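Q: structure-v4.cif is the file, holding mmCIF, C-alpha atoms:
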data_model
loop_
_atom_site.label_atom_id
_atom_site.label_comp_id
_atom_site.auth_asym_id
_atom_site.auth_seq_id
_atom_site.Cartn_x
_atom_site.Cartn_y
_atom_site.Cartn_z
CA MET A 1 0.82 33.13 -16.06
CA SER A 2 1.52 34.90 -19.32
CA ARG A 3 4.10 33.55 -21.71
CA VAL A 4 6.71 36.05 -22.88
CA GLY A 5 7.01 35.47 -26.62
CA GLY A 6 7.50 32.28 -28.59
CA ASP A 7 5.61 29.00 -28.59
CA PRO A 8 5.16 27.55 -25.07
CA ARG A 9 5.19 24.05 -26.57
CA ALA A 10 8.90 24.55 -27.23
CA GLY A 11 9.53 25.19 -23.56
CA VAL A 12 8.89 27.68 -20.80
CA THR A 13 11.43 29.50 -18.63
CA VAL A 14 10.39 30.83 -15.22
CA ARG A 15 12.24 32.98 -12.69
CA ALA A 16 11.41 32.33 -9.03
CA PRO A 17 12.48 34.51 -6.08
CA GLY A 18 14.08 33.60 -2.80
CA LYS A 19 12.70 34.86 0.48
CA VAL A 20 13.62 36.10 3.89
CA ASN A 21 11.33 35.71 6.91
CA LEU A 22 11.02 39.15 8.48
CA THR A 23 9.22 37.54 11.42
CA LEU A 24 8.90 33.88 12.30
CA SER A 25 6.80 33.02 15.35
CA VAL A 26 6.64 29.31 16.12
CA GLY A 27 3.77 27.72 18.02
CA PRO A 28 3.42 24.24 19.44
CA ARG A 29 3.79 21.07 17.41
CA ARG A 30 0.52 20.03 15.79
CA PRO A 31 -0.90 16.48 15.61
CA ASP A 32 0.36 16.24 12.01
CA GLY A 33 3.92 16.86 13.19
CA TYR A 34 4.18 20.42 11.87
CA HIS A 35 4.39 23.54 14.02
CA GLU A 36 1.86 26.35 13.88
CA LEU A 37 3.61 29.35 12.34
CA THR A 38 3.03 33.05 11.93
CA THR A 39 5.53 34.58 9.55
CA VAL A 40 5.98 37.54 7.24
CA PHE A 41 7.65 36.56 3.98
CA LEU A 42 9.56 39.08 1.89
CA ALA A 43 10.57 38.10 -1.65
CA VAL A 44 14.10 39.20 -2.54
CA GLY A 45 15.82 39.60 -5.87
CA LEU A 46 17.82 36.39 -5.84
CA HIS A 47 16.23 34.19 -8.47
CA ASP A 48 16.54 30.63 -9.61
CA VAL A 49 15.77 30.17 -13.31
CA VAL A 50 13.85 27.01 -14.18
CA ARG A 51 13.42 25.76 -17.74
CA ILE A 52 10.59 23.30 -18.51
CA ALA A 53 10.67 21.66 -21.94
CA PRO A 54 8.94 18.66 -23.54
CA ALA A 55 10.90 15.41 -23.25
CA ALA A 56 10.48 11.67 -23.52
CA ARG A 57 10.48 11.35 -19.74
CA LEU A 58 10.87 13.45 -16.60
CA THR A 59 14.48 14.49 -15.98
CA VAL A 60 16.05 17.12 -13.73
CA THR A 61 19.41 18.81 -14.18
CA VAL A 62 20.88 21.49 -11.95
CA ARG A 63 23.67 24.00 -12.51
CA GLY A 64 25.14 26.59 -10.18
CA PRO A 65 26.45 26.94 -6.61
CA GLY A 66 25.52 23.93 -4.48
CA ALA A 67 24.20 21.96 -7.46
CA ALA A 68 26.05 18.82 -6.35
CA ASP A 69 24.02 18.80 -3.12
CA ILE A 70 20.64 18.80 -4.90
CA PRO A 71 19.00 15.46 -5.73
CA ALA A 72 18.24 15.00 -9.41
CA GLY A 73 15.66 12.21 -9.10
CA ASP A 74 12.30 11.91 -7.39
CA GLY A 75 13.81 13.45 -4.27
CA ASN A 76 14.00 16.76 -6.09
CA LEU A 77 11.13 19.03 -5.06
CA ALA A 78 10.71 20.41 -8.58
CA ALA A 79 10.33 16.85 -9.90
CA ARG A 80 7.67 16.19 -7.28
CA ALA A 81 5.91 19.39 -8.39
CA VAL A 82 5.88 18.19 -12.00
CA ARG A 83 4.42 14.83 -11.03
CA LEU A 84 1.78 16.48 -8.84
CA ILE A 85 0.47 18.92 -11.44
CA ALA A 86 0.65 16.23 -14.15
CA ARG A 87 -1.50 13.94 -12.05
CA ALA A 88 -3.97 16.75 -11.39
CA ALA A 89 -4.14 17.56 -15.11
CA GLY A 90 -4.29 13.94 -16.27
CA VAL A 91 -1.16 14.20 -18.42
CA GLU A 92 2.19 12.42 -18.45
CA PRO A 93 5.01 14.23 -16.61
CA ALA A 94 7.19 14.06 -19.71
CA VAL A 95 9.36 17.14 -19.34
CA ALA A 96 13.01 18.05 -18.88
CA VAL A 97 13.54 20.39 -15.94
CA HIS A 98 16.72 22.44 -15.86
CA ILE A 99 17.46 24.59 -12.81
CA ASP A 100 20.01 27.40 -12.75
CA LYS A 101 20.67 28.02 -9.06
CA ARG A 102 21.21 31.43 -7.54
CA ILE A 103 19.26 31.05 -4.29
CA PRO A 104 21.49 29.42 -1.64
CA VAL A 105 21.01 25.67 -1.21
CA ALA A 106 19.82 24.58 2.27
CA GLY A 107 20.18 28.20 3.35
CA GLY A 108 16.77 29.06 4.82
CA MET A 109 15.76 31.08 1.74
CA ALA A 110 13.33 28.59 0.15
CA GLY A 111 15.49 27.77 -2.85
CA GLY A 112 14.02 24.31 -3.33
CA SER A 113 10.54 25.68 -2.76
CA ALA A 114 11.11 28.37 -5.38
CA ASP A 115 12.13 25.71 -7.90
CA ALA A 116 9.00 23.70 -7.15
CA ALA A 117 6.81 26.81 -7.55
CA ALA A 118 8.51 27.58 -10.85
CA ALA A 119 7.91 24.01 -12.02
CA LEU A 120 4.18 24.36 -11.27
CA VAL A 121 3.99 27.64 -13.18
CA GLY A 122 6.08 26.34 -16.07
CA CYS A 123 4.08 23.13 -16.51
CA ASP A 124 0.82 25.06 -16.31
CA ALA A 125 1.99 27.23 -19.21
CA LEU A 126 3.61 24.43 -21.22
CA TRP A 127 0.49 22.26 -21.09
CA GLY A 128 -1.92 25.19 -21.59
CA LEU A 129 -3.83 24.42 -18.38
CA GLY A 130 -4.62 28.03 -17.48
CA LEU A 131 -4.92 27.25 -13.76
CA PRO A 132 -5.62 30.22 -11.49
CA ARG A 133 -2.75 31.11 -9.20
CA GLU A 134 -4.86 30.04 -6.20
CA ASP A 135 -5.20 26.53 -7.66
CA LEU A 136 -1.43 26.41 -8.04
CA ARG A 137 -1.09 27.50 -4.41
CA LEU A 138 -3.24 24.59 -3.28
CA LEU A 139 -0.97 22.22 -5.17
CA ALA A 140 2.04 23.98 -3.70
CA ALA A 141 0.72 23.40 -0.17
CA GLU A 142 0.87 19.66 -0.82
CA LEU A 143 4.57 19.95 -1.59
CA GLY A 144 5.77 22.03 1.35
CA SER A 145 5.12 24.95 3.64
CA ASP A 146 7.18 27.51 1.67
CA VAL A 147 6.27 26.50 -1.89
CA GLY A 148 3.23 28.75 -2.23
CA PHE A 149 4.91 32.05 -1.44
CA PRO A 150 7.20 32.28 -4.51
CA LEU A 151 4.08 32.07 -6.68
CA TYR A 152 3.06 35.50 -5.39
CA GLY A 153 6.22 37.19 -4.17
CA GLY A 154 6.02 40.65 -2.65
CA VAL A 155 5.14 40.54 1.04
CA ALA A 156 2.76 38.02 2.58
CA LEU A 157 1.60 36.77 5.93
CA GLY A 158 2.00 33.02 6.29
CA THR A 159 -0.03 31.08 8.84
CA GLY A 160 -0.90 27.43 9.44
CA ARG A 161 2.41 25.72 8.78
CA GLY A 162 3.26 28.66 6.50
CA GLU A 163 1.20 27.53 3.52
CA LEU A 164 -1.83 29.76 4.21
CA LEU A 165 -0.95 33.06 2.56
CA THR A 166 -2.41 36.53 2.89
CA PRO A 167 -0.72 39.15 0.69
CA LEU A 168 0.18 42.22 2.72
CA GLU A 169 -0.46 45.44 0.88
CA THR A 170 2.19 48.01 1.67
CA SER A 171 2.52 51.53 0.34
CA GLY A 172 5.48 50.59 -1.81
CA ALA A 173 7.30 53.49 -0.23
CA GLY A 174 10.66 51.78 -0.17
CA VAL A 175 12.97 49.14 -1.53
CA PHE A 176 15.13 47.51 1.10
CA HIS A 177 18.74 46.52 0.56
CA TRP A 178 19.97 43.17 1.86
CA VAL A 179 23.23 41.27 2.10
CA PHE A 180 23.21 37.49 2.59
CA ALA A 181 26.17 35.64 4.06
CA VAL A 182 25.87 32.03 2.91
CA SER A 183 27.38 29.47 5.26
CA PRO A 184 29.62 26.81 3.69
CA HIS A 185 27.52 24.17 5.44
CA GLY A 186 23.75 23.72 5.09
CA LEU A 187 21.33 23.26 7.95
CA ALA A 188 18.36 20.91 7.72
CA THR A 189 15.05 22.52 8.65
CA PRO A 190 13.76 19.45 10.60
CA ALA A 191 16.89 19.50 12.76
CA VAL A 192 16.35 23.18 13.58
CA PHE A 193 12.74 22.56 14.62
CA GLN A 194 13.83 19.61 16.77
CA GLU A 195 16.36 21.85 18.50
CA TYR A 196 13.69 24.52 18.90
CA ASP A 197 11.44 21.99 20.65
CA ARG A 198 14.29 20.93 22.92
CA LEU A 199 15.07 24.52 23.90
CA ARG A 200 11.41 25.45 24.34
CA ARG A 201 10.93 22.82 27.02
CA THR A 202 12.94 25.11 29.30
CA ARG A 203 10.73 28.16 28.73
CA PRO A 204 7.21 29.02 27.46
CA ALA A 205 6.56 30.08 23.88
CA ASP A 206 5.82 33.76 23.19
CA GLY A 207 2.21 33.19 22.15
CA GLU A 208 -0.20 34.76 19.68
CA ARG A 209 -0.01 38.29 21.10
CA VAL A 210 3.72 38.57 20.45
CA ALA A 211 3.30 37.11 16.97
CA ALA A 212 0.65 39.72 16.13
CA GLU A 213 2.81 42.54 17.52
CA ARG A 214 5.71 41.44 15.35
CA VAL A 215 3.57 41.37 12.23
CA ALA A 216 2.16 44.83 12.96
CA ALA A 217 5.62 46.32 13.58
CA VAL A 218 7.04 44.89 10.35
CA THR A 219 4.01 45.96 8.30
CA ASP A 220 4.23 49.51 9.64
CA ALA A 221 7.94 49.66 8.87
CA LEU A 222 7.42 48.40 5.32
CA ASP A 223 4.71 51.01 4.83
CA SER A 224 7.06 53.75 5.99
CA GLY A 225 9.88 52.70 3.69
CA ASP A 226 12.25 53.42 6.59
CA ALA A 227 15.05 50.85 6.80
CA ALA A 228 15.87 51.81 10.39
CA LEU A 229 12.30 51.11 11.48
CA LEU A 230 12.34 47.78 9.69
CA ALA A 231 15.65 46.92 11.35
CA ALA A 232 14.09 47.51 14.77
CA ALA A 233 11.04 45.43 13.82
CA VAL A 234 12.99 42.36 12.70
CA LYS A 235 15.30 42.29 15.72
CA ASP A 236 14.70 39.11 17.76
CA ALA A 237 11.64 38.31 15.61
CA ASN A 238 12.76 34.83 14.45
CA ASP A 239 11.97 32.12 16.98
CA LEU A 240 14.18 29.64 15.12
CA GLN A 241 17.28 31.81 15.38
CA GLU A 242 18.26 30.56 18.84
CA ALA A 243 17.96 26.95 17.66
CA ALA A 244 20.06 27.65 14.57
CA LEU A 245 22.72 29.31 16.74
CA SER A 246 22.65 26.37 19.12
CA LEU A 247 23.39 23.99 16.24
CA ARG A 248 25.86 26.34 14.56
CA PRO A 249 27.45 28.60 17.22
CA GLU A 250 29.72 30.20 14.62
CA LEU A 251 26.67 32.02 13.19
CA ALA A 252 26.73 34.30 16.23
CA ASP A 253 30.09 35.65 15.05
CA THR A 254 28.58 36.37 11.63
CA LEU A 255 25.64 38.21 13.18
CA ARG A 256 28.07 40.36 15.20
CA LEU A 257 30.25 41.05 12.18
CA GLY A 258 27.46 42.59 10.09
CA PRO A 259 26.71 45.60 12.30
CA GLU A 260 30.45 46.21 12.70
CA HIS A 261 30.50 46.96 8.97
CA GLY A 262 27.36 49.07 8.78
CA ALA A 263 24.40 46.69 8.81
CA LEU A 264 21.30 48.08 10.49
CA ALA A 265 20.20 44.60 11.58
CA GLY A 266 21.19 40.99 11.16
CA LEU A 267 19.10 37.86 11.50
CA VAL A 268 19.19 34.20 10.62
CA SER A 269 17.12 33.71 7.49
CA GLY A 270 14.30 31.26 8.23
CA SER A 271 15.79 28.09 9.70
CA GLY A 272 19.27 29.14 8.61
CA PRO A 273 22.16 28.98 8.25
CA THR A 274 22.21 31.98 5.87
CA CYS A 275 22.47 35.27 7.76
CA ALA A 276 20.57 38.23 6.32
CA PHE A 277 21.67 41.82 6.90
CA LEU A 278 19.51 44.87 6.28
CA THR A 279 21.39 47.99 5.18
CA GLU A 280 20.38 51.59 4.64
CA SER A 281 21.36 51.88 0.98
CA ALA A 282 22.81 50.14 -2.05
CA HIS A 283 26.19 51.66 -1.24
CA ALA A 284 26.06 50.35 2.33
CA ALA A 285 25.11 46.91 1.04
CA ALA A 286 28.06 46.86 -1.36
CA THR A 287 30.44 47.98 1.40
CA LEU A 288 29.20 45.28 3.76
CA ALA A 289 29.37 42.60 1.08
CA THR A 290 32.99 43.52 0.38
CA ALA A 291 33.87 43.34 4.08
CA LEU A 292 32.18 39.96 4.58
CA SER A 293 33.77 38.52 1.45
CA ALA A 294 37.21 39.56 2.68
CA THR A 295 36.86 37.31 5.73
CA ASP A 296 36.78 34.23 3.46
CA ARG A 297 34.32 32.55 5.86
CA TYR A 298 31.39 32.14 3.53
CA ARG A 299 30.44 30.03 0.55
CA ASP A 300 29.02 33.17 -1.02
CA VAL A 301 28.02 36.73 -0.15
CA LEU A 302 25.01 37.98 -2.11
CA VAL A 303 23.38 41.39 -2.45
CA ALA A 304 19.68 41.77 -3.24
CA VAL A 305 16.74 44.12 -2.87
CA GLY A 306 13.21 43.38 -1.77
CA PRO A 307 10.34 43.16 -2.06
CA THR A 308 10.24 41.75 -5.56
CA GLY A 309 7.60 39.94 -7.59
CA GLY A 310 6.74 36.26 -7.71
CA CYS A 311 7.30 33.57 -10.33
CA SER A 312 7.30 35.02 -13.82
CA ALA A 313 8.09 33.89 -17.35
CA VAL A 314 11.21 35.22 -19.01
CA PRO A 315 12.17 35.32 -22.69
CA ASP A 316 14.20 32.39 -24.00
#
Let me see the structure of the file written as structure tokens.

A:
Amino acid sequence: MSRVGGDPRAGVTVRAPGKVNLTLSVGPRRPDGYHELTTVFLAVGLHDVVRIAPAARLTVTVRGPGAADIPAGDGNLAARAVRLIARAAGVEPAVAVHIDKRIPVAGGMAGGSADAAAALVGCDALWGLGLPREDLRLLAAELGSDVGFPLYGGVALGTGRGELLTPLETSGAGVFHWVFAVSPHGLATPAVFQEYDRLRRTRPADGERVAAERVAAVTDALDSGDAALLAAAVKDANDLQEAALSLRPELADTLRLGPEHGALAGLVSGSGPTCAFLTESAHAAATLATALSATDRYRDVLVAVGPTGGCSAVPD
């Protein structure tokens, strides 16, 4: 990572993007307790900003929407990232981490994972380690399934439990406009997978062929730059959506409301409960956001475009 101006010893500030899963195909539970996944990640322009600065000891502070729900001690994923890269580098994890939240908390958009990725990038720069991005990805995989993707951003295929990443080259023909309706109540990812397992016992999983077809349809749509094609490709492409709706039935009303106000498609983002709506233009996104905000049902309604880049340094 390149430092943007100044002396990195004084501190490093990193922006990290949120994500939406354009497809999410879930396989059986593995012996290690995780599920086999095939997913297409899209980085979107909602960013957390993470500041890493030298300190006497490791501390974490958080500001922004949902900050009160984020642990500030060792339970914080960014703190775990600092300890992990410090151990790998043979240095003391003596830094102050400050997180300005913009990505919804417990919303299925990898906000905690983005903060952890930013912490890895920031510590690498602060300590002058010069680690290749692939080495950071390997560390990220130890922290969680989604932590690696914010390092790269753009569009990527995730396999394994989501930590094995293959960047997907698209033509760059289009930028896609999204609206995110953030539920006032979070939804724990383990609970959604447990509900998925319960529901799946009543029917077979889709299998590898369907997963591959979903990936191909989304990739083609991204290449075309056509929002309508992408809307068709993401419809019913998240295997966790039914489980999220089972746990939070009110999300079905949100998914119906989006198209009533011009959305081309609506889906639960990752494990939820944030609902993501694809629109045809910036104007359509603004119109939808205004309509959703007027219902007063949501903790926040956010507008963003994607794809966008991965973790990057910003000027102080």

Q: Evaluate the PyMOL selection byres ((chain A and resi 126) around 12) against this structure - the residues, as a JSON list (two decimals) with C-alpha atoms, keeping the file's coordinate frame, please.

A:
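Writing the result to part14.json gives the following:
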[["chain", "number", "residue", "atom", "x", "y", "z"],
["A", 1, "MET", "CA", 0.82, 33.13, -16.06],
["A", 2, "SER", "CA", 1.52, 34.90, -19.32],
["A", 3, "ARG", "CA", 4.10, 33.55, -21.71],
["A", 6, "GLY", "CA", 7.50, 32.28, -28.59],
["A", 7, "ASP", "CA", 5.61, 29.00, -28.59],
["A", 8, "PRO", "CA", 5.16, 27.55, -25.07],
["A", 9, "ARG", "CA", 5.19, 24.05, -26.57],
["A", 10, "ALA", "CA", 8.90, 24.55, -27.23],
["A", 11, "GLY", "CA", 9.53, 25.19, -23.56],
["A", 12, "VAL", "CA", 8.89, 27.68, -20.80],
["A", 13, "THR", "CA", 11.43, 29.50, -18.63],
["A", 14, "VAL", "CA", 10.39, 30.83, -15.22],
["A", 51, "ARG", "CA", 13.42, 25.76, -17.74],
["A", 52, "ILE", "CA", 10.59, 23.30, -18.51],
["A", 53, "ALA", "CA", 10.67, 21.66, -21.94],
["A", 54, "PRO", "CA", 8.94, 18.66, -23.54],
["A", 55, "ALA", "CA", 10.90, 15.41, -23.25],
["A", 82, "VAL", "CA", 5.88, 18.19, -12.00],
["A", 85, "ILE", "CA", 0.47, 18.92, -11.44],
["A", 86, "ALA", "CA", 0.65, 16.23, -14.15],
["A", 91, "VAL", "CA", -1.16, 14.20, -18.42],
["A", 93, "PRO", "CA", 5.01, 14.23, -16.61],
["A", 94, "ALA", "CA", 7.19, 14.06, -19.71],
["A", 95, "VAL", "CA", 9.36, 17.14, -19.34],
["A", 96, "ALA", "CA", 13.01, 18.05, -18.88],
["A", 97, "VAL", "CA", 13.54, 20.39, -15.94],
["A", 118, "ALA", "CA", 8.51, 27.58, -10.85],
["A", 119, "ALA", "CA", 7.91, 24.01, -12.02],
["A", 120, "LEU", "CA", 4.18, 24.36, -11.27],
["A", 121, "VAL", "CA", 3.99, 27.64, -13.18],
["A", 122, "GLY", "CA", 6.08, 26.34, -16.07],
["A", 123, "CYS", "CA", 4.08, 23.13, -16.51],
["A", 124, "ASP", "CA", 0.82, 25.06, -16.31],
["A", 125, "ALA", "CA", 1.99, 27.23, -19.21],
["A", 127, "TRP", "CA", 0.49, 22.26, -21.09],
["A", 128, "GLY", "CA", -1.92, 25.19, -21.59],
["A", 129, "LEU", "CA", -3.83, 24.42, -18.38],
["A", 130, "GLY", "CA", -4.62, 28.03, -17.48],
["A", 131, "LEU", "CA", -4.92, 27.25, -13.76],
["A", 313, "ALA", "CA", 8.09, 33.89, -17.35]]

Q: Find the residues with any atom within 7 Å of (6.6, 24.3, 4.4); use only C-alpha atoms and the coordinates as given in the file, and write the answer as a PyMOL selection string.

A: chain A and resi 144-147+161-163

Q: Could you tell me which of A:Val26, A:Val60, A:Met109, A:Ile99 comes closest to A:Ala181 if we count only C-alpha atoms?

A: A:Met109

Q: Distance atom CA of A:Gly75-atom CA of A:Gly148, one decimal place?

A: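 It comes out at 18.7 Å.
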
Q: Find the residues around A:Arg248 up to 12 Å (only C-alpha atoms counted), leave out those fewer than 2 positions away in its own chain, and share them as a PDB file with C-alpha atoms, in the frame of the given file.

A:
ATOM      1  CA  SER A 183      27.380  29.470   5.260  1.00  0.00           C
ATOM      2  CA  PRO A 184      29.620  26.810   3.690  1.00  0.00           C
ATOM      3  CA  HIS A 185      27.520  24.170   5.440  1.00  0.00           C
ATOM      4  CA  GLY A 186      23.750  23.720   5.090  1.00  0.00           C
ATOM      5  CA  LEU A 187      21.330  23.260   7.950  1.00  0.00           C
ATOM      6  CA  ALA A 188      18.360  20.910   7.720  1.00  0.00           C
ATOM      7  CA  ALA A 191      16.890  19.500  12.760  1.00  0.00           C
ATOM      8  CA  VAL A 192      16.350  23.180  13.580  1.00  0.00           C
ATOM      9  CA  GLU A 195      16.360  21.850  18.500  1.00  0.00           C
ATOM     10  CA  GLN A 241      17.280  31.810  15.380  1.00  0.00           C
ATOM     11  CA  GLU A 242      18.260  30.560  18.840  1.00  0.00           C
ATOM     12  CA  ALA A 243      17.960  26.950  17.660  1.00  0.00           C
ATOM     13  CA  ALA A 244      20.060  27.650  14.570  1.00  0.00           C
ATOM     14  CA  LEU A 245      22.720  29.310  16.740  1.00  0.00           C
ATOM     15  CA  SER A 246      22.650  26.370  19.120  1.00  0.00           C
ATOM     16  CA  GLU A 250      29.720  30.200  14.620  1.00  0.00           C
ATOM     17  CA  LEU A 251      26.670  32.020  13.190  1.00  0.00           C
ATOM     18  CA  ALA A 252      26.730  34.300  16.230  1.00  0.00           C
ATOM     19  CA  ASP A 253      30.090  35.650  15.050  1.00  0.00           C
ATOM     20  CA  THR A 254      28.580  36.370  11.630  1.00  0.00           C
ATOM     21  CA  LEU A 255      25.640  38.210  13.180  1.00  0.00           C
ATOM     22  CA  VAL A 268      19.190  34.200  10.620  1.00  0.00           C
ATOM     23  CA  SER A 271      15.790  28.090   9.700  1.00  0.00           C
ATOM     24  CA  GLY A 272      19.270  29.140   8.610  1.00  0.00           C
ATOM     25  CA  PRO A 273      22.160  28.980   8.250  1.00  0.00           C
ATOM     26  CA  THR A 274      22.210  31.980   5.870  1.00  0.00           C
ATOM     27  CA  CYS A 275      22.470  35.270   7.760  1.00  0.00           C
TER      28      CYS A 275
END

Q: Counting all atoms listed in the file, give me one row per residue of stretch 40-103 of chain A with an atom at most 12 Å from an atom of stretch 218-229 of chain A, showing the shortest contact pair and its distance in Å to one decimal, sorted by chain then residue number, as a tab-separated table.

A:
residue	atom	partner	partner_atom	distance
A:Val40	CA	A:Val218	CA	8.1
A:Phe41	CA	A:Val218	CA	10.5
A:Leu42	CA	A:Leu222	CA	10.2

Q: Considering all atoms listed in the file, can you say which of A:Ala291, A:Ala285, A:Leu240, A:Ala216 comes closest to A:Leu37?

A: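 Checking each candidate against A:Leu37, we get A:Leu240 as the closest.
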
Q: Taking the structure I provided as the source, export stretch 302-316 of chain A with N, CA, C and O atoms, as a compact mmCIF listing (two decimals), in the first residue's frame.

A:
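Done, and the output landed in result.txt:
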# COMPACT_ATOMS: atom_id res chain seq x y z
N LEU A 302 -29.12 4.41 2.78
CA LEU A 302 -27.84 4.85 2.23
C LEU A 302 -27.82 4.63 0.72
O LEU A 302 -28.36 3.63 0.22
N VAL A 303 -27.18 5.54 0.02
CA VAL A 303 -27.03 5.46 -1.43
C VAL A 303 -25.55 5.29 -1.75
O VAL A 303 -24.70 5.97 -1.17
N ALA A 304 -25.24 4.38 -2.66
CA ALA A 304 -23.84 4.14 -3.03
C ALA A 304 -23.78 3.58 -4.44
O ALA A 304 -24.77 3.07 -4.97
N VAL A 305 -22.58 3.68 -5.03
CA VAL A 305 -22.33 3.09 -6.33
C VAL A 305 -21.29 1.99 -6.18
O VAL A 305 -20.54 1.93 -5.21
N GLY A 306 -21.27 1.11 -7.15
CA GLY A 306 -20.28 0.04 -7.17
C GLY A 306 -20.13 -0.47 -8.59
O GLY A 306 -21.02 -0.28 -9.43
N PRO A 307 -19.01 -1.09 -8.92
CA PRO A 307 -17.93 -1.42 -8.00
C PRO A 307 -17.02 -0.24 -7.68
O PRO A 307 -16.98 0.75 -8.41
N THR A 308 -16.32 -0.38 -6.55
CA THR A 308 -15.33 0.60 -6.14
C THR A 308 -14.09 -0.13 -5.68
O THR A 308 -14.09 -1.36 -5.57
N GLY A 309 -13.01 0.61 -5.45
CA GLY A 309 -11.74 -0.01 -5.13
C GLY A 309 -11.66 -0.52 -3.70
O GLY A 309 -12.57 -0.32 -2.89
N GLY A 310 -10.55 -1.19 -3.40
CA GLY A 310 -10.35 -1.77 -2.08
C GLY A 310 -9.72 -0.79 -1.11
O GLY A 310 -9.71 0.43 -1.34
N CYS A 311 -9.18 -1.32 -0.01
CA CYS A 311 -8.58 -0.50 1.04
C CYS A 311 -7.52 0.43 0.45
O CYS A 311 -6.66 -0.01 -0.33
N SER A 312 -7.57 1.68 0.84
CA SER A 312 -6.60 2.63 0.32
C SER A 312 -6.31 3.69 1.37
O SER A 312 -7.17 4.04 2.18
N ALA A 313 -5.09 4.21 1.35
CA ALA A 313 -4.71 5.28 2.26
C ALA A 313 -5.35 6.58 1.81
O ALA A 313 -5.58 6.83 0.62
N VAL A 314 -5.65 7.44 2.79
CA VAL A 314 -6.19 8.74 2.49
C VAL A 314 -5.36 9.79 3.22
O VAL A 314 -4.73 9.50 4.24
N PRO A 315 -5.34 11.02 2.73
CA PRO A 315 -4.55 12.06 3.41
C PRO A 315 -5.11 12.34 4.80
O PRO A 315 -6.30 12.24 5.04
N ASP A 316 -4.25 12.70 5.71
CA ASP A 316 -4.68 13.07 7.06
C ASP A 316 -5.34 14.44 7.04
O ASP A 316 -5.04 15.28 6.21
